[in-house]
$ cat model-v4.pdb   # PDB, C-alpha atoms
ATOM      1  CA  MET J   1      52.320  97.606  79.209
ATOM      2  CA  ALA J   2      53.882 100.857  78.042
ATOM      3  CA  CYS J   3      53.274 100.388  74.294
ATOM      4  CA  VAL J   4      49.478 100.272  74.457
ATOM      5  CA  ASN J   5      47.093 102.237  76.651
ATOM      6  CA  GLU J   6      44.121 101.019  78.718
ATOM      7  CA  THR J   7      41.875 100.855  75.626
ATOM      8  CA  GLY J   8      44.370  98.763  73.674
ATOM      9  CA  ALA J   9      45.411 101.622  71.381
ATOM     10  CA  LEU J  10      49.095 102.228  70.695
ATOM     11  CA  THR J  11      50.748 104.894  72.821
ATOM     12  CA  GLU J  12      52.146 107.929  71.008
ATOM     13  CA  SER J  13      55.743 106.720  71.280
ATOM     14  CA  ALA J  14      54.806 103.196  70.089
ATOM     15  CA  ARG J  15      52.935 104.699  67.143
ATOM     16  CA  LYS J  16      55.936 106.872  66.217
ATOM     17  CA  LEU J  17      58.266 103.894  66.494
ATOM     18  CA  LEU J  18      56.148 101.522  64.401
ATOM     19  CA  THR J  19      55.548 104.189  61.755
ATOM     20  CA  VAL J  20      59.251 104.474  60.919
ATOM     21  CA  ILE J  21      59.566 100.710  60.385
ATOM     22  CA  ARG J  22      56.386 100.303  58.372
ATOM     23  CA  THR J  23      58.077  99.854  55.007
ATOM     24  CA  GLU J  24      61.660  99.064  55.892
ATOM     25  CA  ALA J  25      63.518  97.162  58.635
ATOM     26  CA  LYS J  26      65.726  99.464  60.712
ATOM     27  CA  THR J  27      68.194  99.318  63.588
ATOM     28  CA  VAL J  28      67.307 100.757  66.996
ATOM     29  CA  GLU J  29      69.769 103.598  66.370
ATOM     30  CA  ASP J  30      68.046 104.538  63.096
ATOM     31  CA  ILE J  31      64.608 104.254  64.694
ATOM     32  CA  ALA J  32      65.697 106.545  67.555
ATOM     33  CA  LYS J  33      66.977 109.125  65.087
ATOM     34  CA  GLU J  34      63.974 109.059  62.778
ATOM     35  CA  ALA J  35      61.319 108.903  65.486
ATOM     36  CA  SER J  36      63.139 111.477  67.669
ATOM     37  CA  LEU J  37      62.988 109.140  70.646
ATOM     38  CA  PRO J  38      65.747 108.457  73.187
ATOM     39  CA  LEU J  39      67.709 105.283  72.409
ATOM     40  CA  PHE J  40      66.899 103.684  75.799
ATOM     41  CA  LYS J  41      63.206 104.208  75.099
ATOM     42  CA  VAL J  42      63.483 102.636  71.642
ATOM     43  CA  ARG J  43      65.339  99.590  72.993
ATOM     44  CA  SER J  44      62.772  98.946  75.739
ATOM     45  CA  SER J  45      59.825  99.606  73.416
ATOM     46  CA  VAL J  46      61.214  97.323  70.694
ATOM     47  CA  ARG J  47      61.493  94.553  73.293
ATOM     48  CA  GLU J  48      57.926  95.095  74.448
ATOM     49  CA  LEU J  49      56.445  95.525  70.972
ATOM     50  CA  ALA J  50      58.180  92.306  69.853
ATOM     51  CA  GLU J  51      56.754  90.432  72.873
ATOM     52  CA  ASN J  52      53.312  91.603  71.756
ATOM     53  CA  ASP J  53      53.886  90.670  68.089
ATOM     54  CA  PHE J  54      53.703  94.252  66.838
ATOM     55  CA  LEU J  55      57.186  94.065  65.311
ATOM     56  CA  PHE J  56      59.755  91.392  64.510
ATOM     57  CA  GLU J  57      63.465  91.116  63.805
ATOM     58  CA  LYS J  58      63.505  90.903  60.016
ATOM     59  CA  GLU J  59      67.280  90.886  59.652
ATOM     60  CA  PRO J  60      69.894  90.675  62.424
ATOM     61  CA  ALA J  61      69.308  93.724  64.691
ATOM     62  CA  LYS J  62      66.850  95.272  62.204
ATOM     63  CA  TYR J  63      63.183  95.487  63.077
ATOM     64  CA  MET J  64      60.025  95.819  61.035
ATOM     65  CA  VAL J  65      56.331  96.128  61.806
ATOM     66  CA  THR J  66      54.183  92.933  61.716
ATOM     67  CA  PHE J  67      50.745  92.442  60.181
ATOM     68  CA  LEU J  68      49.232  92.940  63.653
ATOM     69  CA  GLY J  69      51.294  96.084  64.248
ATOM     70  CA  ASN J  70      50.227  97.456  60.884
ATOM     71  CA  LYS J  71      46.576  96.756  61.734
ATOM     72  CA  ARG J  72      46.948  98.757  64.948
ATOM     73  CA  LEU J  73      48.520 101.631  63.028
ATOM     74  CA  GLU J  74      45.711 101.585  60.482
ATOM     75  CA  ALA J  75      43.148 101.672  63.281
ATOM     76  CA  MET J  76      44.683 104.955  64.438
ATOM     77  CA  GLU J  77      44.588 106.647  61.030
TER      78      GLU J  77
ATOM     79  CA  MET Q   1      84.276  63.921 109.965
ATOM     80  CA  THR Q   2      84.691  67.463 108.806
ATOM     81  CA  GLU Q   3      81.651  69.696 108.791
ATOM     82  CA  GLN Q   4      80.910  71.542 105.570
ATOM     83  CA  ILE Q   5      80.573  75.246 106.251
ATOM     84  CA  THR Q   6      78.695  77.325 103.728
ATOM     85  CA  GLN Q   7      79.982  80.851 103.576
ATOM     86  CA  PRO Q   8      77.329  83.514 103.102
ATOM     87  CA  GLU Q   9      77.537  85.279  99.770
ATOM     88  CA  VAL Q  10      79.402  88.537 100.122
ATOM     89  CA  LYS Q  11      77.568  91.189  98.156
ATOM     90  CA  SER Q  12      79.952  93.802  96.898
ATOM     91  CA  LEU Q  13      78.566  97.233  96.137
ATOM     92  CA  PRO Q  14      79.515  98.966  92.914
ATOM     93  CA  ARG Q  15      82.774 100.860  93.132
ATOM     94  CA  ILE Q  16      84.260 103.525  90.912
ATOM     95  CA  GLY Q  17      85.754 101.666  87.958
ATOM     96  CA  SER Q  18      83.548  98.575  88.295
ATOM     97  CA  LYS Q  19      80.826  97.483  85.870
ATOM     98  CA  ALA Q  20      77.419  98.535  87.144
ATOM     99  CA  PRO Q  21      75.175  95.641  88.238
ATOM    100  CA  GLN Q  22      72.534  94.872  85.612
ATOM    101  CA  PHE Q  23      68.854  95.140  86.468
ATOM    102  CA  GLU Q  24      65.385  95.171  84.990
ATOM    103  CA  ALA Q  25      62.878  97.480  86.660
ATOM    104  CA  VAL Q  26      59.361  98.816  86.413
ATOM    105  CA  THR Q  27      59.474 102.541  85.696
ATOM    106  CA  THR Q  28      57.152 105.381  84.800
ATOM    107  CA  HIS Q  29      58.210 104.677  81.180
ATOM    108  CA  GLY Q  30      57.510 100.928  81.317
ATOM    109  CA  LYS Q  31      59.978  98.123  82.003
ATOM    110  CA  LEU Q  32      63.576  99.208  81.509
ATOM    111  CA  LYS Q  33      66.858  97.331  81.663
ATOM    112  CA  LEU Q  34      70.137  98.984  82.513
ATOM    113  CA  GLU Q  35      71.518  97.639  79.225
ATOM    114  CA  ASP Q  36      68.961  99.826  77.386
ATOM    115  CA  TYR Q  37      71.262 102.744  78.257
ATOM    116  CA  LYS Q  38      74.384 101.299  76.608
ATOM    117  CA  GLY Q  39      76.098 103.942  74.513
ATOM    118  CA  SER Q  40      74.887 106.843  76.687
ATOM    119  CA  TRP Q  41      76.175 108.268  79.927
ATOM    120  CA  LEU Q  42      73.663 107.657  82.700
ATOM    121  CA  VAL Q  43      72.920 109.396  85.990
ATOM    122  CA  LEU Q  44      71.050 106.899  88.183
ATOM    123  CA  PHE Q  45      69.835 108.695  91.285
ATOM    124  CA  SER Q  46      67.687 107.699  94.234
ATOM    125  CA  HIS Q  47      65.444 109.814  96.410
ATOM    126  CA  PRO Q  48      63.841 108.937  99.753
ATOM    127  CA  ALA Q  49      60.151 109.283  98.917
ATOM    128  CA  ASP Q  50      57.586 110.778  96.563
ATOM    129  CA  PHE Q  51      55.512 113.738  97.770
ATOM    130  CA  THR Q  52      58.244 115.079 100.048
ATOM    131  CA  PRO Q  53      59.543 118.664  99.829
ATOM    132  CA  VAL Q  54      63.304 118.204  99.380
ATOM    133  CA  CYS Q  55      62.753 115.474  96.761
ATOM    134  CA  THR Q  56      60.299 117.708  94.918
ATOM    135  CA  THR Q  57      62.916 120.482  94.670
ATOM    136  CA  GLU Q  58      65.444 117.914  93.462
ATOM    137  CA  PHE Q  59      63.112 116.531  90.801
ATOM    138  CA  ILE Q  60      62.502 120.038  89.498
ATOM    139  CA  GLY Q  61      66.278 120.598  89.568
ATOM    140  CA  PHE Q  62      67.022 117.360  87.709
ATOM    141  CA  GLN Q  63      64.390 118.157  85.094
ATOM    142  CA  ASN Q  64      65.852 121.646  84.643
ATOM    143  CA  ILE Q  65      69.288 120.192  83.787
ATOM    144  CA  TYR Q  66      67.890 117.280  81.721
ATOM    145  CA  PRO Q  67      68.034 119.122  78.359
ATOM    146  CA  GLN Q  68      71.688 120.057  79.004
ATOM    147  CA  LEU Q  69      72.462 116.494  80.052
ATOM    148  CA  ARG Q  70      70.871 115.111  76.895
ATOM    149  CA  GLU Q  71      73.036 117.430  74.801
ATOM    150  CA  MET Q  72      75.949 115.737  76.589
ATOM    151  CA  ASN Q  73      74.651 112.244  75.597
ATOM    152  CA  THR Q  74      73.597 111.711  79.215
ATOM    153  CA  GLU Q  75      70.319 110.226  80.447
ATOM    154  CA  LEU Q  76      68.636 110.527  83.844
ATOM    155  CA  LEU Q  77      66.964 107.685  85.726
ATOM    156  CA  GLY Q  78      65.363 108.255  89.131
ATOM    157  CA  LEU Q  79      64.502 105.657  91.789
ATOM    158  CA  SER Q  80      62.666 105.377  95.076
ATOM    159  CA  ILE Q  81      60.985 102.699  97.167
ATOM    160  CA  ASP Q  82      57.525 103.746  95.988
ATOM    161  CA  SER Q  83      54.965 102.276  93.598
ATOM    162  CA  VAL Q  84      54.737 103.318  89.970
ATOM    163  CA  HIS Q  85      51.289 104.816  90.665
ATOM    164  CA  SER Q  86      52.758 106.952  93.432
ATOM    165  CA  HIS Q  87      55.472 108.132  91.015
ATOM    166  CA  ILE Q  88      52.879 108.934  88.347
ATOM    167  CA  ALA Q  89      50.707 110.848  90.824
ATOM    168  CA  TRP Q  90      53.722 112.778  92.118
ATOM    169  CA  VAL Q  91      55.104 113.794  88.706
ATOM    170  CA  ARG Q  92      51.588 114.898  87.724
ATOM    171  CA  ASN Q  93      51.397 116.887  90.967
ATOM    172  CA  ILE Q  94      54.747 118.555  90.200
ATOM    173  CA  GLU Q  95      53.479 119.539  86.766
ATOM    174  CA  GLN Q  96      50.221 120.909  88.201
ATOM    175  CA  ASN Q  97      51.813 122.859  91.062
ATOM    176  CA  TRP Q  98      55.160 123.923  89.624
ATOM    177  CA  GLY Q  99      54.542 123.735  85.886
ATOM    178  CA  VAL Q 100      57.496 121.373  85.394
ATOM    179  CA  LYS Q 101      56.978 118.220  83.324
ATOM    180  CA  ILE Q 102      59.239 115.397  84.512
ATOM    181  CA  GLU Q 103      60.480 113.739  81.327
ATOM    182  CA  PHE Q 104      62.932 111.168  82.673
ATOM    183  CA  PRO Q 105      61.824 107.704  83.906
ATOM    184  CA  VAL Q 106      61.579 106.863  87.596
ATOM    185  CA  ILE Q 107      62.075 103.316  88.898
ATOM    186  CA  ALA Q 108      59.403 101.955  91.253
ATOM    187  CA  ASP Q 109      61.674  99.808  93.413
ATOM    188  CA  LEU Q 110      59.208  98.386  95.927
ATOM    189  CA  SER Q 111      61.228  95.170  96.200
ATOM    190  CA  MET Q 112      64.381  97.257  96.863
ATOM    191  CA  ASP Q 113      66.155  95.078  94.306
ATOM    192  CA  VAL Q 114      67.926  97.909  92.498
ATOM    193  CA  ALA Q 115      68.469  99.955  95.673
ATOM    194  CA  GLY Q 116      70.058  96.865  97.258
ATOM    195  CA  LYS Q 117      72.356  96.220  94.297
ATOM    196  CA  PHE Q 118      73.590  99.805  94.352
ATOM    197  CA  GLY Q 119      73.782 100.251  98.129
ATOM    198  CA  MET Q 120      71.271 103.088  98.171
ATOM    199  CA  ILE Q 121      69.763 102.143 101.543
ATOM    200  CA  MET Q 122      71.477 103.469 104.652
ATOM    201  CA  PRO Q 123      69.789 101.380 107.402
ATOM    202  CA  GLU Q 124      71.108 103.607 110.188
ATOM    203  CA  GLU Q 125      69.263 106.521 108.616
ATOM    204  CA  SER Q 126      66.214 104.685 107.222
ATOM    205  CA  SER Q 127      65.631 101.053 106.283
ATOM    206  CA  THR Q 128      62.569 101.829 104.158
ATOM    207  CA  GLU Q 129      63.792 104.801 102.138
ATOM    208  CA  ALA Q 130      66.690 105.228  99.756
ATOM    209  CA  SER Q 131      69.292 107.842 100.557
ATOM    210  CA  ARG Q 132      70.161 110.540  98.020
ATOM    211  CA  ALA Q 133      72.608 108.493  95.954
ATOM    212  CA  VAL Q 134      73.956 109.389  92.517
ATOM    213  CA  PHE Q 135      75.739 106.879  90.291
ATOM    214  CA  VAL Q 136      77.319 108.235  87.120
ATOM    215  CA  MET Q 137      77.927 105.548  84.509
ATOM    216  CA  ASP Q 138      79.744 105.914  81.216
ATOM    217  CA  PRO Q 139      78.572 104.504  77.841
ATOM    218  CA  GLU Q 140      80.245 101.158  78.704
ATOM    219  CA  GLN Q 141      78.208 101.100  81.941
ATOM    220  CA  VAL Q 142      81.264 101.456  84.123
ATOM    221  CA  VAL Q 143      80.633 103.380  87.347
ATOM    222  CA  ARG Q 144      82.626 106.590  87.048
ATOM    223  CA  ALA Q 145      81.461 108.594  90.076
ATOM    224  CA  ILE Q 146      79.338 108.083  93.170
ATOM    225  CA  ILE Q 147      77.779 110.778  95.362
ATOM    226  CA  TYR Q 148      75.829 110.203  98.579
ATOM    227  CA  TYR Q 149      73.794 112.842 100.398
ATOM    228  CA  PRO Q 150      71.706 112.328 103.550
ATOM    229  CA  LEU Q 151      67.921 112.558 103.629
ATOM    230  CA  SER Q 152      67.997 116.143 104.901
ATOM    231  CA  THR Q 153      70.159 117.728 102.204
ATOM    232  CA  GLY Q 154      69.164 118.370  98.602
ATOM    233  CA  ARG Q 155      71.783 117.831  95.902
ATOM    234  CA  ASN Q 156      73.485 120.477  93.792
ATOM    235  CA  MET Q 157      72.526 120.223  90.113
ATOM    236  CA  ASP Q 158      75.397 122.456  88.942
ATOM    237  CA  GLU Q 159      77.810 120.018  90.564
ATOM    238  CA  ILE Q 160      76.245 117.060  88.752
ATOM    239  CA  LEU Q 161      76.573 118.897  85.415
ATOM    240  CA  ARG Q 162      80.139 119.927  86.295
ATOM    241  CA  LEU Q 163      81.056 116.360  87.254
ATOM    242  CA  ILE Q 164      79.833 114.891  83.960
ATOM    243  CA  THR Q 165      81.513 117.671  81.960
ATOM    244  CA  ALA Q 166      84.758 116.937  83.821
ATOM    245  CA  LEU Q 167      84.529 113.160  83.270
ATOM    246  CA  GLN Q 168      83.831 113.612  79.565
ATOM    247  CA  THR Q 169      86.696 116.111  79.277
ATOM    248  CA  THR Q 170      89.024 113.624  80.956
ATOM    249  CA  ASP Q 171      87.999 110.891  78.513
ATOM    250  CA  GLU Q 172      88.284 113.122  75.467
ATOM    251  CA  HIS Q 173      91.616 114.790  76.256
ATOM    252  CA  GLY Q 174      93.392 112.459  78.726
ATOM    253  CA  VAL Q 175      93.652 115.194  81.350
ATOM    254  CA  ALA Q 176      92.563 115.730  84.947
ATOM    255  CA  THR Q 177      90.528 118.654  86.278
ATOM    256  CA  PRO Q 178      91.448 120.724  89.334
ATOM    257  CA  ALA Q 179      89.261 121.800  92.248
ATOM    258  CA  ASP Q 180      86.276 123.932  91.241
ATOM    259  CA  TRP Q 181      87.115 123.383  87.566
ATOM    260  CA  LYS Q 182      84.565 124.604  85.074
ATOM    261  CA  LYS Q 183      84.417 124.187  81.299
ATOM    262  CA  GLY Q 184      86.903 126.615  79.733
ATOM    263  CA  ASP Q 185      89.295 126.580  82.714
ATOM    264  CA  ARG Q 186      92.823 125.234  82.420
ATOM    265  CA  VAL Q 187      93.198 121.474  82.880
ATOM    266  CA  ILE Q 188      95.907 119.408  84.569
ATOM    267  CA  VAL Q 189      98.323 117.381  82.485
ATOM    268  CA  PRO Q 190      99.143 114.040  84.150
ATOM    269  CA  PRO Q 191     102.676 114.142  85.628
ATOM    270  CA  SER Q 192     105.462 112.417  83.748
ATOM    271  CA  ALA Q 193     106.540 109.087  85.201
ATOM    272  CA  THR Q 194     110.217 109.457  84.284
ATOM    273  CA  GLN Q 195     112.956 111.916  85.164
ATOM    274  CA  GLU Q 196     113.644 112.566  81.494
ATOM    275  CA  GLY Q 197     109.962 113.177  80.830
ATOM    276  CA  ALA Q 198     109.794 115.544  83.803
ATOM    277  CA  ALA Q 199     112.710 117.602  82.459
ATOM    278  CA  GLU Q 200     111.113 117.779  79.012
ATOM    279  CA  ARG Q 201     107.817 118.768  80.545
ATOM    280  CA  MET Q 202     109.440 121.804  82.200
ATOM    281  CA  ASN Q 203     110.627 123.001  78.769
ATOM    282  CA  ASP Q 204     107.314 122.497  77.016
ATOM    283  CA  GLU Q 205     106.101 125.982  76.125
ATOM    284  CA  SER Q 206     102.530 124.853  75.559
ATOM    285  CA  LEU Q 207     102.246 124.083  79.282
ATOM    286  CA  GLU Q 208     102.299 126.229  82.391
ATOM    287  CA  CYS Q 209     104.307 124.338  85.048
ATOM    288  CA  LYS Q 210     104.847 125.251  88.706
ATOM    289  CA  ASP Q 211     106.925 122.121  89.008
ATOM    290  CA  PHE Q 212     107.198 118.878  87.033
ATOM    291  CA  TYR Q 213     104.161 117.374  88.768
ATOM    292  CA  PHE Q 214     101.943 120.427  88.411
ATOM    293  CA  CYS Q 215     101.464 121.427  84.793
ATOM    294  CA  THR Q 216      98.322 122.887  83.309
ATOM    295  CA  LYS Q 217      97.225 123.692  79.788
ATOM    296  CA  GLU Q 218      94.373 125.314  77.940
ATOM    297  CA  LEU Q 219      92.075 123.102  75.922
ATOM    298  CA  LYS Q 220      91.516 124.320  72.391
TER     299      LYS Q 220
END
$ encode --input "model-v4.pdb" --output "structure tokens"
Amino acid sequence: MACVNETGALTESARKLLTVIRTEAKTVEDIAKEASLPLFKVRSSVRELAENDFLFEKEPAKYMVTFLGNKRLEAME
Amino acid sequence: MTEQITQPEVKSLPRIGSKAPQFEAVTTHGKLKLEDYKGSWLVLFSHPADFTPVCTTEFIGFQNIYPQLREMNTELLGLSIDSVHSHIAWVRNIEQNWGVKIEFPVIADLSMDVAGKFGMIMPEESSTEASRAVFVMDPEQVVRAIIYYPLSTGRNMDEILRLITALQTTDEHGVATPADWKKGDRVIVPPSATQEGAAERMNDESLECKDFYFCTKELK
């Protein structure tokens, strides 16, 4: 799994991605811009993070962090 | 009684102008789908094997042009018939020995699924390694150019940059590009399809015409 490392902590790119959708649902294009990540990387990470319940589709094509995702972010602070 | 004959499925390889076959693959950046690249140009390239000298020079070359490609809304995606751990070890080795960090993802195509879909295997040369194939896809994931090199010959990075610049120029301005064209050179205006158009073309002062079918112009 590319969004968490061997110890279960979020990878740097997953952390960046989840941070920009912590308070507001955003499109993959907006996430890519704000997190300075390539769009292909954001699309694949969003898919993987959603499969692992770290984010969800709050509105059509707009994603936001889940309670579990937020917990993981807090654990890294 | 008539015997039912089942025809084997004919697998057609991607051609210039066709939609690229979709895939999902394990890469050094996690699982990626081709559709993740929608909206960007993509250079999908294969190499025969990790930890080999020509491929190492190519990886360094591809990484060197990656920033320029990204400025041109173009992504790079490598592929070989190796495991993801082999890829990881090799890109780490490149960084340690050459000081070059490989930033683009590399597909670990052990099942040869992607290589098979794109016709990257040349069985007469090697049935276990991919040849040096390059597929250039546009933001709609249409195959726009294909390059094949044999195992023994490393590819030319300037040519890959030139090719993408030329394709993007064609799309933006509706022109063609002559042999050895580089950005800033004159471009070719498509010939007129009518006699009247051809006559008008010869009087167009914004163009330089040798004859009605050979007119060039500067791009501003």
$ resolve_selection --input "model-v4.pdb" --expression "the PyMOL selection byres ((chain J and resi 58-64) around 10)" --output "list in words"
Leu17, Leu18, Thr19, Val20, Ile21, Arg22, Thr23, Glu24, Ala25, Lys26, Thr27, Val28, Glu29, Asp30, Ile31, Val46, Ala50, Phe54, Leu55, Phe56, Glu57, Val65, Thr66, Phe67, Gly69 and Asn70 of chain J
$ interface_residues --input "model-v4.pdb" --of "chain Q" --to "chain J" --cutoff "9 Å" --atoms "all atoms listed in the file" --output "JSON, numbers by chain"
{"Q": [28, 29, 30, 31, 32, 33, 34, 35, 36, 37, 38, 39, 40, 75]}
$ axis_aligned_box --input "model-v4.pdb" --around "region 63-71 of chain Q" --padding-each-side "4 Å" --output "lines of an AutoDock Vina configuration file"
center_x = 68.7
center_y = 118.4
center_z = 79.9
size_x = 16.6
size_y = 14.5
size_z = 18.3
$ residues_around --input "model-v4.pdb" --residues "Phe45 (chain Q)" --least-positions-apart "5" --cutoff "10 Å" --atoms "all atoms listed in the file" --output "list of chain:residue names"
Q:Phe62, Q:Leu76, Q:Leu77, Q:Gly78, Q:Leu79, Q:Ser80, Q:Val106, Q:Ile107, Q:Ala115, Q:Met120, Q:Ala130, Q:Ser131, Q:Arg132, Q:Ala133, Q:Val134, Q:Phe135, Q:Val136, Q:Ile146, Q:Ile147, Q:Tyr148
$ residues_around --input "model-v4.pdb" --residues "Tyr66 (chain Q)" --least-positions-apart "2" --cutoff "10 Å" --atoms "all atoms listed in the file" --output "PyMOL selection string"
chain Q and resi 60-64+68-72+74-76+102-104+161
$ atom_distance --input "model-v4.pdb" --atom1 "CA of Asp82 (chain Q)" --atom2 "CA of Ala108 (chain Q)"
5.4 Å
$ atom_distance --input "model-v4.pdb" --atom1 "CA of Ser86 (chain Q)" --atom2 "CA of Pro14 (chain Q)"
27.9 Å
$ atom_distance --input "model-v4.pdb" --atom1 "CA of Leu13 (chain Q)" --atom2 "CA of Ala145 (chain Q)"
13.2 Å
$ resolve_selection --input "model-v4.pdb" --expression "the PyMOL selection byres ((chain Q and resi 162) around 12)" --output "list in words"
Ile65, Gln68, Leu69, Met72, Asn156, Met157, Asp158, Glu159, Ile160, Leu161, Leu163, Ile164, Thr165, Ala166, Leu167, Gln168, Thr169, Thr177, Pro178, Ala179, Asp180, Trp181, Lys182, Lys183, Gly184 and Asp185 of chain Q
$ write_last_selection --input "model-v4.pdb" --atoms "C-alpha atoms" --output "mmCIF file, keeping the file's coordinate frame"
data_model
loop_
_atom_site.group_PDB
_atom_site.id
_atom_site.type_symbol
_atom_site.label_atom_id
_atom_site.label_comp_id
_atom_site.auth_asym_id
_atom_site.auth_seq_id
_atom_site.Cartn_x
_atom_site.Cartn_y
_atom_site.Cartn_z
ATOM 1 C CA ILE Q 65 69.288 120.192 83.787
ATOM 2 C CA GLN Q 68 71.688 120.057 79.004
ATOM 3 C CA LEU Q 69 72.462 116.494 80.052
ATOM 4 C CA MET Q 72 75.949 115.737 76.589
ATOM 5 C CA ASN Q 156 73.485 120.477 93.792
ATOM 6 C CA MET Q 157 72.526 120.223 90.113
ATOM 7 C CA ASP Q 158 75.397 122.456 88.942
ATOM 8 C CA GLU Q 159 77.810 120.018 90.564
ATOM 9 C CA ILE Q 160 76.245 117.060 88.752
ATOM 10 C CA LEU Q 161 76.573 118.897 85.415
ATOM 11 C CA LEU Q 163 81.056 116.360 87.254
ATOM 12 C CA ILE Q 164 79.833 114.891 83.960
ATOM 13 C CA THR Q 165 81.513 117.671 81.960
ATOM 14 C CA ALA Q 166 84.758 116.937 83.821
ATOM 15 C CA LEU Q 167 84.529 113.160 83.270
ATOM 16 C CA GLN Q 168 83.831 113.612 79.565
ATOM 17 C CA THR Q 169 86.696 116.111 79.277
ATOM 18 C CA THR Q 177 90.528 118.654 86.278
ATOM 19 C CA PRO Q 178 91.448 120.724 89.334
ATOM 20 C CA ALA Q 179 89.261 121.800 92.248
ATOM 21 C CA ASP Q 180 86.276 123.932 91.241
ATOM 22 C CA TRP Q 181 87.115 123.383 87.566
ATOM 23 C CA LYS Q 182 84.565 124.604 85.074
ATOM 24 C CA LYS Q 183 84.417 124.187 81.299
ATOM 25 C CA GLY Q 184 86.903 126.615 79.733
ATOM 26 C CA ASP Q 185 89.295 126.580 82.714
#
$ residues_near_point --input "model-v4.pdb" --point "(81.3, 99.1, 86.1)" --cutoff "6 Å" --atoms "all atoms listed in the file" --output "PyMOL selection string"
chain Q and resi 17-20+141-143
$ decode --input "model-v4.pdb" --residues "region 97-147 of chain Q" --atoms "C-alpha atoms" --output "short mmCIF file (atom, residue, chain, number, x, y, z; two decimals), in the first residue's frame"
data_model
loop_
_atom_site.label_atom_id
_atom_site.label_comp_id
_atom_site.auth_asym_id
_atom_site.auth_seq_id
_atom_site.Cartn_x
_atom_site.Cartn_y
_atom_site.Cartn_z
CA ASN Q 97 26.15 5.79 -7.83
CA TRP Q 98 25.14 8.62 -10.15
CA GLY Q 99 23.44 11.05 -7.79
CA VAL Q 100 20.25 11.05 -9.88
CA LYS Q 101 16.92 10.57 -8.11
CA ILE Q 102 14.39 8.82 -10.37
CA GLU Q 103 11.11 10.63 -9.74
CA PHE Q 104 8.80 8.98 -12.27
CA PRO Q 105 6.98 5.68 -11.55
CA VAL Q 106 8.13 2.38 -13.04
CA ILE Q 107 5.71 -0.47 -13.74
CA ALA Q 108 6.67 -3.92 -12.42
CA ASP Q 109 5.15 -5.98 -15.23
CA LEU Q 110 6.07 -9.51 -14.15
CA SER Q 111 2.88 -10.89 -15.72
CA MET Q 112 3.76 -9.08 -18.99
CA ASP Q 113 0.16 -7.86 -19.08
CA VAL Q 114 0.96 -4.27 -20.03
CA ALA Q 115 3.92 -5.23 -22.24
CA GLY Q 116 1.61 -7.66 -24.08
CA LYS Q 117 -1.13 -5.06 -24.58
CA PHE Q 118 1.35 -2.59 -26.04
CA GLY Q 119 3.42 -5.05 -28.08
CA MET Q 120 6.63 -4.29 -26.20
CA ILE Q 121 7.99 -7.84 -26.43
CA MET Q 122 9.92 -8.77 -29.55
CA PRO Q 123 10.13 -12.60 -29.21
CA GLU Q 124 12.77 -12.90 -31.92
CA GLU Q 125 15.04 -10.68 -29.85
CA SER Q 126 13.98 -11.77 -26.34
CA SER Q 127 10.82 -13.39 -25.02
CA THR Q 128 11.53 -12.42 -21.40
CA GLU Q 129 12.54 -8.78 -21.79
CA ALA Q 130 10.73 -5.78 -23.20
CA SER Q 131 12.29 -3.96 -26.11
CA ARG Q 132 12.96 -0.22 -25.91
CA ALA Q 133 9.47 0.95 -26.83
CA VAL Q 134 8.09 4.47 -26.43
CA PHE Q 135 4.38 5.26 -26.65
CA VAL Q 136 3.42 8.93 -26.63
CA MET Q 137 -0.20 9.50 -25.63
CA ASP Q 138 -2.11 12.76 -25.65
CA PRO Q 139 -4.42 14.03 -22.86
CA GLU Q 140 -7.31 12.02 -24.39
CA GLN Q 141 -5.10 8.90 -24.18
CA VAL Q 142 -4.87 8.54 -27.93
CA VAL Q 143 -1.57 7.07 -29.13
CA ARG Q 144 0.17 9.84 -31.04
CA ALA Q 145 3.63 8.38 -31.70
CA ILE Q 146 5.43 5.07 -31.30
CA ILE Q 147 9.19 4.49 -31.27
#
